[in-house]
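Have a look at structure_8.txt below; it lists compact mmCIF, C-alpha atoms.
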```
# COMPACT_ATOMS: atom_id res chain seq x y z
CA MET A 1 -52.17 109.14 -52.65
CA LYS A 2 -50.72 109.99 -49.27
CA VAL A 3 -49.18 113.46 -49.57
CA ILE A 4 -47.10 115.34 -47.01
CA VAL A 5 -47.05 119.13 -47.21
CA LEU A 6 -44.10 120.72 -45.45
CA GLY A 7 -45.01 124.15 -44.08
CA ALA A 8 -48.23 125.59 -42.65
CA GLY A 9 -48.02 129.11 -44.02
CA VAL A 10 -50.52 130.37 -46.57
CA ILE A 11 -48.78 128.41 -49.36
CA GLY A 12 -48.75 125.14 -47.43
CA VAL A 13 -52.31 125.41 -46.13
CA THR A 14 -53.84 126.34 -49.50
CA SER A 15 -51.89 123.44 -51.07
CA ALA A 16 -53.19 121.03 -48.45
CA TYR A 17 -56.75 122.22 -48.96
CA GLN A 18 -56.62 121.71 -52.74
CA LEU A 19 -54.89 118.33 -52.42
CA ALA A 20 -57.57 117.16 -49.98
CA LYS A 21 -60.28 118.36 -52.36
CA ALA A 22 -58.60 116.25 -55.06
CA GLY A 23 -59.10 113.18 -52.87
CA HIS A 24 -55.64 112.70 -51.38
CA GLU A 25 -54.77 111.82 -47.80
CA VAL A 26 -52.84 114.89 -46.62
CA ILE A 27 -50.57 115.59 -43.64
CA VAL A 28 -49.15 119.07 -43.00
CA VAL A 29 -45.95 119.28 -40.96
CA ASP A 30 -44.73 122.49 -39.34
CA ARG A 31 -42.41 123.40 -36.47
CA GLN A 32 -44.73 126.14 -35.21
CA ARG A 33 -47.68 125.60 -32.85
CA GLY A 34 -50.23 126.59 -35.49
CA PRO A 35 -50.70 127.90 -39.04
CA ALA A 36 -49.35 131.18 -40.45
CA LEU A 37 -46.99 132.04 -37.60
CA GLU A 38 -44.00 133.06 -39.69
CA THR A 39 -43.99 134.94 -43.03
CA SER A 40 -47.79 134.76 -43.34
CA PHE A 41 -48.41 136.23 -39.89
CA ALA A 42 -48.40 140.02 -40.41
CA ASN A 43 -47.59 140.71 -44.05
CA ALA A 44 -48.73 143.85 -45.84
CA GLY A 45 -52.23 142.48 -46.47
CA GLU A 46 -52.36 143.30 -50.19
CA VAL A 47 -53.66 140.75 -52.65
CA SER A 48 -52.07 142.37 -55.67
CA PHE A 49 -53.20 140.60 -58.80
CA GLY A 50 -52.34 143.64 -60.93
CA TYR A 51 -49.64 145.30 -58.84
CA CYS A 52 -47.11 142.48 -59.09
CA SER A 53 -43.70 143.08 -60.57
CA PRO A 54 -40.26 141.51 -60.26
CA TRP A 55 -37.87 143.37 -58.02
CA ALA A 56 -35.24 142.66 -60.67
CA ALA A 57 -35.98 145.43 -63.16
CA PRO A 58 -34.10 147.82 -65.45
CA GLY A 59 -32.62 150.66 -63.43
CA ILE A 60 -32.74 148.81 -60.12
CA PRO A 61 -28.94 148.51 -59.72
CA MET A 62 -28.57 152.31 -59.88
CA LYS A 63 -31.60 152.84 -57.64
CA ALA A 64 -30.20 150.34 -55.15
CA LEU A 65 -26.97 152.33 -54.87
CA LYS A 66 -28.99 155.47 -54.14
CA TRP A 67 -31.24 153.70 -51.65
CA LEU A 68 -28.27 152.51 -49.62
CA PHE A 69 -27.62 156.13 -48.63
CA MET A 70 -31.25 157.14 -47.92
CA GLU A 71 -32.43 157.61 -44.36
CA HIS A 72 -35.69 155.80 -45.12
CA ALA A 73 -34.34 153.29 -47.63
CA PRO A 74 -36.57 150.62 -49.18
CA LEU A 75 -33.49 148.39 -49.54
CA ILE A 76 -31.08 147.50 -46.75
CA LEU A 77 -28.04 145.38 -47.52
CA ARG A 78 -25.93 143.78 -44.81
CA PRO A 79 -23.25 142.02 -46.85
CA LYS A 80 -21.48 139.02 -45.38
CA LEU A 81 -19.30 136.14 -46.52
CA ASP A 82 -22.29 134.08 -47.55
CA ARG A 83 -21.98 132.23 -50.87
CA PRO A 84 -25.76 131.70 -51.36
CA MET A 85 -26.35 135.42 -50.77
CA LEU A 86 -23.71 136.46 -53.28
CA ALA A 87 -24.88 133.92 -55.87
CA TRP A 88 -28.48 135.08 -55.45
CA MET A 89 -27.53 138.73 -55.87
CA VAL A 90 -25.52 138.01 -59.03
CA GLN A 91 -28.46 136.11 -60.53
CA MET A 92 -30.82 138.93 -59.60
CA LEU A 93 -28.59 141.49 -61.34
CA ARG A 94 -28.67 139.32 -64.47
CA ASN A 95 -32.46 139.62 -64.46
CA CYS A 96 -32.37 143.44 -64.40
CA THR A 97 -32.78 143.73 -68.16
CA ALA A 98 -35.82 144.85 -70.11
CA GLY A 99 -36.17 141.48 -71.82
CA ARG A 100 -36.01 139.39 -68.66
CA TYR A 101 -38.22 141.83 -66.78
CA ALA A 102 -40.94 141.41 -69.41
CA ILE A 103 -40.70 137.60 -69.30
CA ASN A 104 -40.74 137.46 -65.50
CA LYS A 105 -43.58 139.96 -65.12
CA GLY A 106 -45.59 138.02 -67.68
CA ARG A 107 -45.18 134.84 -65.63
CA MET A 108 -46.18 136.63 -62.45
CA LEU A 109 -49.27 138.22 -64.00
CA ARG A 110 -50.34 134.86 -65.45
CA LEU A 111 -50.15 133.18 -62.05
CA ALA A 112 -51.70 136.16 -60.25
CA GLY A 113 -54.64 136.24 -62.64
CA TYR A 114 -55.22 132.52 -62.08
CA SER A 115 -54.96 133.08 -58.34
CA ARG A 116 -57.66 135.76 -58.48
CA THR A 117 -60.12 133.21 -59.87
CA SER A 118 -58.95 130.53 -57.45
CA LEU A 119 -59.28 132.78 -54.38
CA ALA A 120 -62.82 133.77 -55.42
CA GLU A 121 -63.75 130.09 -55.71
CA VAL A 122 -62.28 129.27 -52.28
CA ARG A 123 -64.17 132.19 -50.77
CA ALA A 124 -67.44 131.07 -52.40
CA GLU A 125 -67.15 127.41 -51.41
CA THR A 126 -65.99 127.99 -47.82
CA GLY A 127 -67.63 131.28 -46.84
CA ILE A 128 -64.58 132.26 -44.79
CA ALA A 129 -64.03 135.91 -43.85
CA TYR A 130 -60.67 137.61 -43.35
CA ASP A 131 -61.29 141.40 -43.36
CA GLU A 132 -61.37 141.20 -47.15
CA ARG A 133 -61.96 144.22 -49.41
CA MET A 134 -62.12 144.42 -53.22
CA GLN A 135 -61.27 148.08 -53.84
CA GLY A 136 -57.95 147.89 -55.65
CA THR A 137 -54.34 148.99 -55.15
CA LEU A 138 -53.24 152.59 -55.71
CA GLN A 139 -49.55 152.90 -56.54
CA LEU A 140 -48.88 156.44 -55.37
CA PHE A 141 -46.30 158.67 -57.03
CA ARG A 142 -44.78 161.64 -55.24
CA THR A 143 -42.77 162.84 -58.26
CA GLN A 144 -43.40 163.29 -61.97
CA GLN A 145 -40.40 161.08 -62.66
CA GLN A 146 -42.10 158.18 -60.86
CA LEU A 147 -45.31 158.76 -62.78
CA ASP A 148 -43.45 158.82 -66.11
CA ALA A 149 -41.51 155.64 -65.20
CA SER A 150 -44.76 153.72 -64.66
CA GLY A 151 -45.09 153.43 -68.43
CA LYS A 152 -43.33 150.04 -68.52
CA ASP A 153 -45.79 148.64 -65.96
CA VAL A 154 -48.75 150.07 -67.87
CA LYS A 155 -47.48 148.37 -71.02
CA ALA A 156 -47.20 145.00 -69.24
CA LEU A 157 -50.66 145.34 -67.66
CA ALA A 158 -52.20 146.21 -71.03
CA ALA A 159 -50.47 143.28 -72.73
CA ASP A 160 -51.93 140.86 -70.19
CA GLY A 161 -55.39 142.41 -70.16
CA VAL A 162 -55.14 143.58 -66.53
CA PRO A 163 -57.47 146.54 -65.83
CA TYR A 164 -55.71 149.74 -64.76
CA LYS A 165 -56.16 153.51 -64.58
CA VAL A 166 -53.48 156.19 -64.63
CA LEU A 167 -54.66 158.95 -62.29
CA GLY A 168 -53.72 162.52 -61.56
CA ARG A 169 -53.72 164.07 -58.10
CA ASP A 170 -57.51 164.59 -58.02
CA GLY A 171 -58.14 161.08 -59.30
CA CYS A 172 -56.04 159.63 -56.47
CA ILE A 173 -58.06 161.60 -53.93
CA ARG A 174 -61.33 160.35 -55.40
CA VAL A 175 -60.11 156.77 -54.90
CA GLU A 176 -58.57 157.44 -51.48
CA PRO A 177 -60.36 160.45 -49.93
CA ALA A 178 -58.04 160.63 -46.92
CA LEU A 179 -55.25 161.78 -49.25
CA LYS A 180 -56.95 165.18 -49.50
CA HIS A 181 -55.09 166.12 -46.32
CA VAL A 182 -51.73 165.69 -48.12
CA ARG A 183 -52.65 166.55 -51.73
CA ASP A 184 -49.51 168.67 -52.21
CA LYS A 185 -47.31 165.61 -51.58
CA ILE A 186 -48.59 163.56 -54.53
CA VAL A 187 -48.61 164.01 -58.31
CA GLY A 188 -50.55 160.95 -59.44
CA GLY A 189 -50.94 157.21 -59.27
CA LEU A 190 -51.57 153.91 -61.02
CA LEU A 191 -54.74 152.14 -59.93
CA THR A 192 -55.28 148.41 -60.41
CA PRO A 193 -58.97 148.24 -59.45
CA LYS A 194 -59.31 144.45 -59.36
CA ASP A 195 -56.75 144.04 -56.57
CA GLU A 196 -57.95 143.00 -53.12
CA THR A 197 -56.86 143.21 -49.49
CA GLY A 198 -57.23 140.89 -46.53
CA ASP A 199 -55.64 139.50 -43.39
CA CYS A 200 -53.47 136.58 -44.48
CA PHE A 201 -53.24 135.21 -40.93
CA LYS A 202 -57.03 135.13 -40.54
CA PHE A 203 -57.46 133.56 -43.99
CA THR A 204 -54.85 130.84 -43.41
CA ASN A 205 -56.25 129.86 -40.02
CA ALA A 206 -59.82 129.75 -41.35
CA LEU A 207 -58.78 127.65 -44.35
CA ALA A 208 -56.75 125.30 -42.15
CA ALA A 209 -59.94 124.61 -40.20
CA LYS A 210 -61.79 123.87 -43.44
CA ALA A 211 -58.95 121.60 -44.57
CA ALA A 212 -59.15 119.69 -41.28
CA GLU A 213 -62.86 119.14 -41.97
CA LEU A 214 -61.80 117.52 -45.26
CA GLY A 215 -59.51 115.14 -43.34
CA VAL A 216 -56.19 116.97 -43.47
CA ARG A 217 -54.04 116.16 -40.43
CA PHE A 218 -51.80 118.88 -39.03
CA ALA A 219 -48.60 117.89 -37.21
CA TYR A 220 -47.68 121.13 -35.47
CA GLY A 221 -44.66 121.55 -33.22
CA THR A 222 -42.77 119.03 -35.34
CA GLN A 223 -39.19 119.59 -36.47
CA ILE A 224 -38.37 118.43 -39.99
CA LYS A 225 -35.01 116.68 -40.07
CA GLY A 226 -34.80 115.59 -43.70
CA LEU A 227 -36.37 113.69 -46.56
CA ASP A 228 -36.31 109.92 -46.98
CA VAL A 229 -35.30 109.15 -50.57
CA GLU A 230 -34.78 105.67 -52.00
CA ASN A 231 -33.87 104.80 -55.58
CA GLY A 232 -34.61 108.32 -56.79
CA HIS A 233 -38.09 108.47 -55.24
CA VAL A 234 -39.15 110.30 -52.10
CA CYS A 235 -40.61 107.88 -49.55
CA GLY A 236 -41.32 110.13 -46.61
CA VAL A 237 -40.18 112.79 -44.17
CA LEU A 238 -37.86 112.39 -41.18
CA THR A 239 -39.00 114.38 -38.14
CA ASP A 240 -37.96 114.68 -34.50
CA ARG A 241 -40.95 112.50 -33.61
CA GLU A 242 -41.20 109.87 -36.33
CA THR A 243 -40.63 109.05 -39.97
CA ILE A 244 -43.81 109.77 -41.90
CA THR A 245 -44.17 107.76 -45.09
CA ALA A 246 -45.77 109.20 -48.20
CA ASP A 247 -46.27 108.79 -51.92
CA ALA A 248 -45.50 112.46 -52.57
CA VAL A 249 -44.06 115.43 -50.67
CA VAL A 250 -44.71 119.13 -51.34
CA VAL A 251 -42.06 121.48 -49.98
CA ALA A 252 -43.66 124.80 -48.99
CA LEU A 253 -41.12 125.95 -46.42
CA GLY A 254 -40.51 129.42 -47.83
CA SER A 255 -36.98 130.68 -47.16
CA TYR A 256 -36.03 127.40 -45.48
CA SER A 257 -36.78 125.25 -48.53
CA PRO A 258 -33.20 125.42 -49.95
CA LEU A 259 -31.73 124.21 -46.65
CA LEU A 260 -33.85 121.05 -46.76
CA LEU A 261 -33.12 120.38 -50.43
CA LYS A 262 -29.37 121.03 -50.49
CA PRO A 263 -28.35 117.59 -49.11
CA LEU A 264 -30.28 116.04 -52.01
CA GLY A 265 -28.27 117.94 -54.59
CA ILE A 266 -31.14 120.29 -55.47
CA LYS A 267 -29.94 123.89 -55.79
CA LEU A 268 -32.95 126.09 -55.20
CA PRO A 269 -32.09 129.80 -55.70
CA VAL A 270 -34.36 131.11 -52.95
CA TYR A 271 -32.96 133.53 -50.40
CA PRO A 272 -34.60 135.25 -47.42
CA VAL A 273 -35.33 138.96 -47.82
CA LYS A 274 -36.66 140.40 -44.60
CA GLY A 275 -39.71 142.64 -44.55
CA TYR A 276 -41.24 144.63 -41.72
CA SER A 277 -44.74 145.71 -40.77
CA LEU A 278 -46.70 147.80 -38.30
CA THR A 279 -50.29 147.10 -37.32
CA ILE A 280 -52.04 150.24 -36.09
CA PRO A 281 -55.59 150.54 -34.72
CA ILE A 282 -57.74 153.01 -36.67
CA THR A 283 -58.73 155.98 -34.50
CA ASP A 284 -60.17 158.23 -37.25
CA PRO A 285 -61.63 156.39 -40.28
CA SER A 286 -61.64 159.61 -42.35
CA ARG A 287 -57.85 159.65 -42.19
CA ALA A 288 -57.34 155.98 -43.02
CA PRO A 289 -56.96 154.34 -46.46
CA GLU A 290 -59.94 152.61 -48.02
CA SER A 291 -57.83 149.83 -49.55
CA THR A 292 -54.09 149.62 -50.28
CA VAL A 293 -51.88 152.60 -51.03
CA MET A 294 -48.40 151.69 -52.25
CA ASP A 295 -46.01 154.53 -51.44
CA GLU A 296 -43.67 154.23 -54.43
CA THR A 297 -40.95 156.39 -52.89
CA TYR A 298 -40.38 154.10 -49.93
CA LYS A 299 -41.91 150.90 -51.37
CA ILE A 300 -44.28 150.79 -48.39
CA ALA A 301 -47.82 149.35 -48.60
CA ILE A 302 -50.46 150.93 -46.36
CA THR A 303 -53.52 148.70 -46.16
CA ARG A 304 -56.84 148.82 -44.35
CA LEU A 305 -57.70 145.56 -42.58
CA GLY A 306 -60.98 145.94 -40.75
CA ASP A 307 -60.39 148.28 -37.82
CA ARG A 308 -56.60 148.29 -38.32
CA ILE A 309 -54.03 149.67 -40.73
CA ARG A 310 -51.21 147.37 -41.81
CA VAL A 311 -48.05 149.16 -42.94
CA GLY A 312 -45.57 146.81 -44.59
CA GLY A 313 -42.52 146.86 -46.77
CA MET A 314 -38.76 147.22 -47.18
CA ALA A 315 -36.26 144.63 -48.28
CA GLU A 316 -33.41 143.77 -45.96
CA ILE A 317 -30.85 141.30 -47.29
CA SER A 318 -29.18 140.01 -44.15
CA GLY A 319 -29.47 136.24 -44.20
CA TYR A 320 -31.66 134.26 -41.83
CA THR A 321 -31.64 136.83 -39.02
CA ASN A 322 -35.12 137.88 -37.97
CA ASP A 323 -34.38 140.54 -35.38
CA LEU A 324 -36.45 143.73 -35.23
CA GLY A 325 -34.41 146.66 -36.56
CA HIS A 326 -35.78 149.80 -34.94
CA ALA A 327 -34.38 152.01 -37.71
CA ARG A 328 -36.76 150.11 -40.00
CA ARG A 329 -39.68 151.00 -37.76
CA ARG A 330 -38.87 154.68 -38.20
CA THR A 331 -39.26 154.24 -41.97
CA LEU A 332 -42.70 152.66 -41.55
CA ASP A 333 -43.67 155.40 -39.10
CA HIS A 334 -42.53 158.07 -41.53
CA SER A 335 -44.40 156.70 -44.56
CA VAL A 336 -47.75 156.20 -42.83
CA THR A 337 -47.73 159.46 -40.88
CA ASP A 338 -46.62 161.42 -43.94
CA LEU A 339 -49.62 160.22 -45.99
CA PHE A 340 -52.18 159.38 -43.30
CA PRO A 341 -51.35 161.54 -40.26
CA GLY A 342 -53.19 161.14 -36.99
CA GLY A 343 -52.76 157.45 -36.19
CA ASP A 344 -51.80 156.33 -32.68
CA LEU A 345 -48.37 154.79 -33.25
CA ARG A 346 -47.99 154.16 -29.53
CA ARG A 347 -50.50 151.32 -29.91
CA ALA A 348 -48.85 149.83 -32.99
CA SER A 349 -47.35 146.33 -33.04
CA PHE A 350 -44.05 145.86 -34.88
CA TRP A 351 -43.16 142.63 -36.76
CA SER A 352 -40.67 141.20 -39.22
CA GLY A 353 -40.69 138.14 -41.47
CA LEU A 354 -38.45 136.44 -44.02
CA ARG A 355 -39.78 136.49 -47.57
CA PRO A 356 -38.55 133.65 -49.82
CA MET A 357 -37.26 135.49 -52.91
CA THR A 358 -36.08 134.07 -56.22
CA PRO A 359 -33.65 136.07 -58.40
CA ASP A 360 -36.27 136.54 -61.13
CA GLY A 361 -39.21 137.21 -58.79
CA THR A 362 -41.20 134.20 -60.00
CA PRO A 363 -42.04 131.36 -57.58
CA VAL A 364 -40.82 127.82 -58.08
CA ILE A 365 -43.76 125.46 -58.55
CA GLY A 366 -43.56 121.93 -59.88
CA PRO A 367 -41.66 118.64 -59.82
CA THR A 368 -37.98 118.05 -59.07
CA LYS A 369 -35.46 115.49 -60.30
CA ILE A 370 -36.58 113.25 -57.42
CA ALA A 371 -39.80 111.42 -58.24
CA GLY A 372 -42.68 112.37 -55.99
CA LEU A 373 -40.95 115.50 -54.66
CA PHE A 374 -42.63 118.80 -55.58
CA LEU A 375 -41.91 122.44 -54.80
CA ASN A 376 -44.27 125.30 -54.05
CA THR A 377 -42.05 128.07 -52.74
CA GLY A 378 -40.15 131.25 -53.58
CA HIS A 379 -43.14 133.60 -53.79
CA GLY A 380 -41.30 136.56 -52.28
CA THR A 381 -43.63 139.43 -51.41
CA LEU A 382 -46.54 137.83 -53.28
CA GLY A 383 -47.23 134.60 -51.41
CA TRP A 384 -50.61 135.86 -50.23
CA THR A 385 -51.45 137.09 -53.73
CA MET A 386 -50.42 133.91 -55.54
CA SER A 387 -51.29 131.31 -52.90
CA CYS A 388 -54.61 130.01 -54.19
CA GLY A 389 -53.48 129.76 -57.80
CA SER A 390 -50.21 128.10 -56.78
CA ALA A 391 -52.16 125.59 -54.70
CA ARG A 392 -54.39 124.67 -57.64
CA LEU A 393 -51.30 124.20 -59.82
CA ILE A 394 -49.46 121.99 -57.37
CA SER A 395 -52.57 119.90 -56.72
CA ASP A 396 -52.95 119.26 -60.45
CA LEU A 397 -49.26 118.43 -60.88
CA VAL A 398 -49.18 116.03 -57.91
CA SER A 399 -52.41 114.41 -59.16
CA GLY A 400 -51.02 113.94 -62.65
CA ARG A 401 -53.55 116.32 -64.22
CA LYS A 402 -52.77 118.95 -66.83
CA PRO A 403 -52.85 122.37 -65.11
CA GLU A 404 -55.32 124.97 -66.32
CA ILE A 405 -52.51 127.44 -67.07
CA ASP A 406 -49.01 126.95 -68.42
CA ALA A 407 -46.73 125.92 -65.56
CA ASP A 408 -43.63 124.63 -67.34
CA ASP A 409 -41.70 127.89 -66.90
CA LEU A 410 -42.45 127.99 -63.18
CA ALA A 411 -40.56 124.78 -62.40
CA ILE A 412 -37.05 124.62 -61.00
CA SER A 413 -35.81 123.37 -64.38
CA ARG A 414 -35.80 126.98 -65.62
CA TYR A 415 -32.58 127.54 -63.67
CA ARG A 416 -30.59 124.85 -65.46
```
Could you express the structure from this file as structure tokens?
Amino acid sequence: MKVIVLGAGVIGVTSAYQLAKAGHEVIVVDRQRGPALETSFANAGEVSFGYCSPWAAPGIPMKALKWLFMEHAPLILRPKLDRPMLAWMVQMLRNCTAGRYAINKGRMLRLAGYSRTSLAEVRAETGIAYDERMQGTLQLFRTQQQLDASGKDVKALAADGVPYKVLGRDGCIRVEPALKHVRDKIVGGLLTPKDETGDCFKFTNALAAKAAELGVRFAYGTQIKGLDVENGHVCGVLTDRETITADAVVVALGSYSPLLLKPLGIKLPVYPVKGYSLTIPITDPSRAPESTVMDETYKIAITRLGDRIRVGGMAEISGYTNDLGHARRRTLDHSVTDLFPGGDLRRASFWSGLRPMTPDGTPVIGPTKIAGLFLNTGHGTLGWTMSCGSARLISDLVSGRKPEIDADDLAISRYR
């Protein structure tokens, strides 16, 4: 078939690669001048197959109220008269129950586990390099209360067969030796040793080149105006340059997916949640992390990417604004210097991106009510983690093959 993929971030490019491998003629359309120039550009760098949890969790509403008054808050809310924002927040609150948390985390772990296998296969068949490391994620607890509260995550990891280790202070330092300089600031941690790290921008660009070798055509610098639908079937994509015909269309536009789908009567509960990052050159390797350290107090991930440290996190609910809030930079500065002092922040680059979040934390992957129109979006903070598995799923669904894992509860129909 002729398939159009809308979006050239990590989700769109991995989808295009898998669709081309399946024998389809593929065109990728994106408004940017190249791949991975928006949300995939400078994310936290963690590939967290084990450390993946819904933001909607028991206790989050009370924590959110407390965070709003913290100087270095992991959550920033800028309320406005925005019906989609309010509707999304109400749906998220409904998912903050123990029962729904367990269901949603189970879905996420299933897809993340599949993505681990899929990423390994892509790496083996392409040989691409992206500053990858396979040394795990250490969720770091500064208080005993945080360590005790990790029990629900341990239970979910055990239920899904995900390897983990609960560590004390000395165990954390064995995994991340640089923490010896701040040992009095930590009480323990939760290690998911099978997690990985890597530069999403490097990976996406390298895979886009491999996809082009398979015949994928990339239409960069192209504005998407709408979808051409006739008699309940998608026929193509309207752009500022031309109308491109197709047998199938995959929407992988992240936070902008709902805006494209709304005129078609498809209500996609995806809303942008802004995240921030710093990229800092490593000046002293002995004071840098070996892999990813997740600072549980501030919800900040500190990741080693080659000769750089990527510091990423926070959740700012403020609509489609993508300005750089300098108060947010102070939070990133504080977290990284508190745990890994000595970096040269004067040479750091500051970035922000819009994460496409669903109320339940699970991406939306699968068909829609319009024949030939498929979705692969809503991955939130885990697009890099779940990209390769999501791409395999969407390729199977578009091709009419039975997916290798259960995908029914990932489709948009779960919101009916």
Exercise for the section: Point out the residue among A:Thr197, A:Ser318, A:Thr117, A:Gln146 with the least atom-to-atom distance to Ala129 (chain A), counting only C-alpha atoms. Expected result: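 Comparing A:Thr197, A:Ser318, A:Thr117, A:Gln146 against Ala129 (chain A), the winner is A:Thr197.
Note that CA of Ala158 (chain A) and CA of Asp170 (chain A) are 23.1 Å apart.
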Which protein, DNA or RNA residues have an atom at most 10 Å from (-47.5, 141.8, -66.3), counting all atoms listed in the file? List them as a PDB file with C-alpha atoms, keeping the file's coordinate frame.
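Contents of result.pdb, as written:
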```pdb
ATOM      1  CA  PHE A  49     -53.200 140.600 -58.800  1.00  0.00           C
ATOM      2  CA  GLY A  50     -52.340 143.640 -60.930  1.00  0.00           C
ATOM      3  CA  TYR A  51     -49.640 145.300 -58.840  1.00  0.00           C
ATOM      4  CA  CYS A  52     -47.110 142.480 -59.090  1.00  0.00           C
ATOM      5  CA  SER A  53     -43.700 143.080 -60.570  1.00  0.00           C
ATOM      6  CA  PRO A  54     -40.260 141.510 -60.260  1.00  0.00           C
ATOM      7  CA  TYR A 101     -38.220 141.830 -66.780  1.00  0.00           C
ATOM      8  CA  ALA A 102     -40.940 141.410 -69.410  1.00  0.00           C
ATOM      9  CA  ILE A 103     -40.700 137.600 -69.300  1.00  0.00           C
ATOM     10  CA  ASN A 104     -40.740 137.460 -65.500  1.00  0.00           C
ATOM     11  CA  LYS A 105     -43.580 139.960 -65.120  1.00  0.00           C
ATOM     12  CA  GLY A 106     -45.590 138.020 -67.680  1.00  0.00           C
ATOM     13  CA  ARG A 107     -45.180 134.840 -65.630  1.00  0.00           C
ATOM     14  CA  MET A 108     -46.180 136.630 -62.450  1.00  0.00           C
ATOM     15  CA  LEU A 109     -49.270 138.220 -64.000  1.00  0.00           C
ATOM     16  CA  ARG A 110     -50.340 134.860 -65.450  1.00  0.00           C
ATOM     17  CA  LEU A 111     -50.150 133.180 -62.050  1.00  0.00           C
ATOM     18  CA  ALA A 112     -51.700 136.160 -60.250  1.00  0.00           C
ATOM     19  CA  GLY A 113     -54.640 136.240 -62.640  1.00  0.00           C
ATOM     20  CA  LYS A 152     -43.330 150.040 -68.520  1.00  0.00           C
ATOM     21  CA  ASP A 153     -45.790 148.640 -65.960  1.00  0.00           C
ATOM     22  CA  VAL A 154     -48.750 150.070 -67.870  1.00  0.00           C
ATOM     23  CA  LYS A 155     -47.480 148.370 -71.020  1.00  0.00           C
ATOM     24  CA  ALA A 156     -47.200 145.000 -69.240  1.00  0.00           C
ATOM     25  CA  LEU A 157     -50.660 145.340 -67.660  1.00  0.00           C
ATOM     26  CA  ALA A 158     -52.200 146.210 -71.030  1.00  0.00           C
ATOM     27  CA  ALA A 159     -50.470 143.280 -72.730  1.00  0.00           C
ATOM     28  CA  ASP A 160     -51.930 140.860 -70.190  1.00  0.00           C
ATOM     29  CA  GLY A 161     -55.390 142.410 -70.160  1.00  0.00           C
ATOM     30  CA  VAL A 162     -55.140 143.580 -66.530  1.00  0.00           C
TER      31      VAL A 162
END
```
Practice task
Compare A:Ala206, A:Val273, A:Leu238, A:Leu339 by their minimum atom-to-atom distance to Thr321 (chain A), counting all atoms listed in the file, and give me the closest one.
Solution key: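 Closest residue, counting all atoms listed in the file: A:Val273.
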What's around Leu214 (chain A) at 12 Å? Count only C-alpha atoms, leave out sequence neighbours fewer than 6 positions away in its own chain, and write the answer as a PDB file with C-alpha atoms, in the frame of the given file.
```
ATOM      1  CA  ALA A  16     -53.190 121.030 -48.450  1.00  0.00           C
ATOM      2  CA  TYR A  17     -56.750 122.220 -48.960  1.00  0.00           C
ATOM      3  CA  GLN A  18     -56.620 121.710 -52.740  1.00  0.00           C
ATOM      4  CA  LEU A  19     -54.890 118.330 -52.420  1.00  0.00           C
ATOM      5  CA  ALA A  20     -57.570 117.160 -49.980  1.00  0.00           C
ATOM      6  CA  LYS A  21     -60.280 118.360 -52.360  1.00  0.00           C
ATOM      7  CA  ALA A  22     -58.600 116.250 -55.060  1.00  0.00           C
ATOM      8  CA  GLY A  23     -59.100 113.180 -52.870  1.00  0.00           C
ATOM      9  CA  HIS A  24     -55.640 112.700 -51.380  1.00  0.00           C
ATOM     10  CA  GLU A  25     -54.770 111.820 -47.800  1.00  0.00           C
ATOM     11  CA  VAL A  26     -52.840 114.890 -46.620  1.00  0.00           C
ATOM     12  CA  ILE A  27     -50.570 115.590 -43.640  1.00  0.00           C
ATOM     13  CA  THR A 126     -65.990 127.990 -47.820  1.00  0.00           C
ATOM     14  CA  LEU A 207     -58.780 127.650 -44.350  1.00  0.00           C
ATOM     15  CA  ALA A 208     -56.750 125.300 -42.150  1.00  0.00           C
TER      16      ALA A 208
END
```
Exercise for the section: Pick out the residues sitting within 8 Å of Asp333 (chain A), and hand them over as a PyMOL selection string; count all atoms listed in the file, and ignore anything fewer than 4 positions along from it in its own chain. Expected result: chain A and resi 329+337+345
Okay, now the selection with C-alpha atoms, as a PDB file, keeping the file's coordinate frame?
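Printed below is part05.pdb as written:
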```
ATOM      1  CA  ARG A 329     -39.680 151.000 -37.760  1.00  0.00           C
ATOM      2  CA  THR A 337     -47.730 159.460 -40.880  1.00  0.00           C
ATOM      3  CA  LEU A 345     -48.370 154.790 -33.250  1.00  0.00           C
TER       4      LEU A 345
END
```
Problem - Nearest-residue call for Leu167 (chain A), choices A:Leu253, A:Leu138, A:Val182, A:Val13, using all atoms listed in the file - result: A:Leu138
Would you compute, for all listed atoms of region 205-218 of chain A, the axis-aligned bounding box grown by 6 Å on each side, and then report its centre and edge lengths in Å rounded to one decimal, as lines of an AutoDock Vina configuration file?
```
center_x = -57.3
center_y = 122.5
center_z = -42.1
size_x = 23.1
size_y = 26.7
size_z = 18.2
```
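Comparing A:Leu179, A:Ile309, A:Leu191, A:Ala209 by their smallest distance to Phe340 (chain A), the closest is A:Leu179 (using only C-alpha atoms).
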Practice task
Check the smallest atom-to-atom distance from each of A:Leu264, A:Met314, A:Met294, A:Met134 to Gly353 (chain A) using all atoms listed in the file, then report the winner.
Solution key: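 So, comparing all the options, the nearest one is A:Met314.
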Fill in the blank from the handout: In Å and to one decimal, CA of Glu71 (chain A) is distant from CA of Asp284 (chain A) by 28.6 Å
Exercise for the section: Could you tell me which of A:Ser277, A:Ile302, A:Leu77, A:Leu260 comes closest to Leu140 (chain A) if we count only C-alpha atoms? Expected result: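 For Leu140 (chain A), the nearest of the candidates is A:Ile302.
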Exercise for the section: Mind checking which residues fall within 10 Å of Val28 (chain A), counting all atoms listed in the file, ignoring those fewer than 6 positions away in the same chain, and posting them as a list in words? Expected result: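 Contacts, with the query itself left out: Val3, Ile4, Val5, Leu6, Gly7, Ala8, Gly12, Val13, Ser15, Ala16, Pro35, Ala208, Val216, Arg217, Phe218, Ala219, Tyr220, Thr222, Val249, Val250 and Ala252 of chain A.
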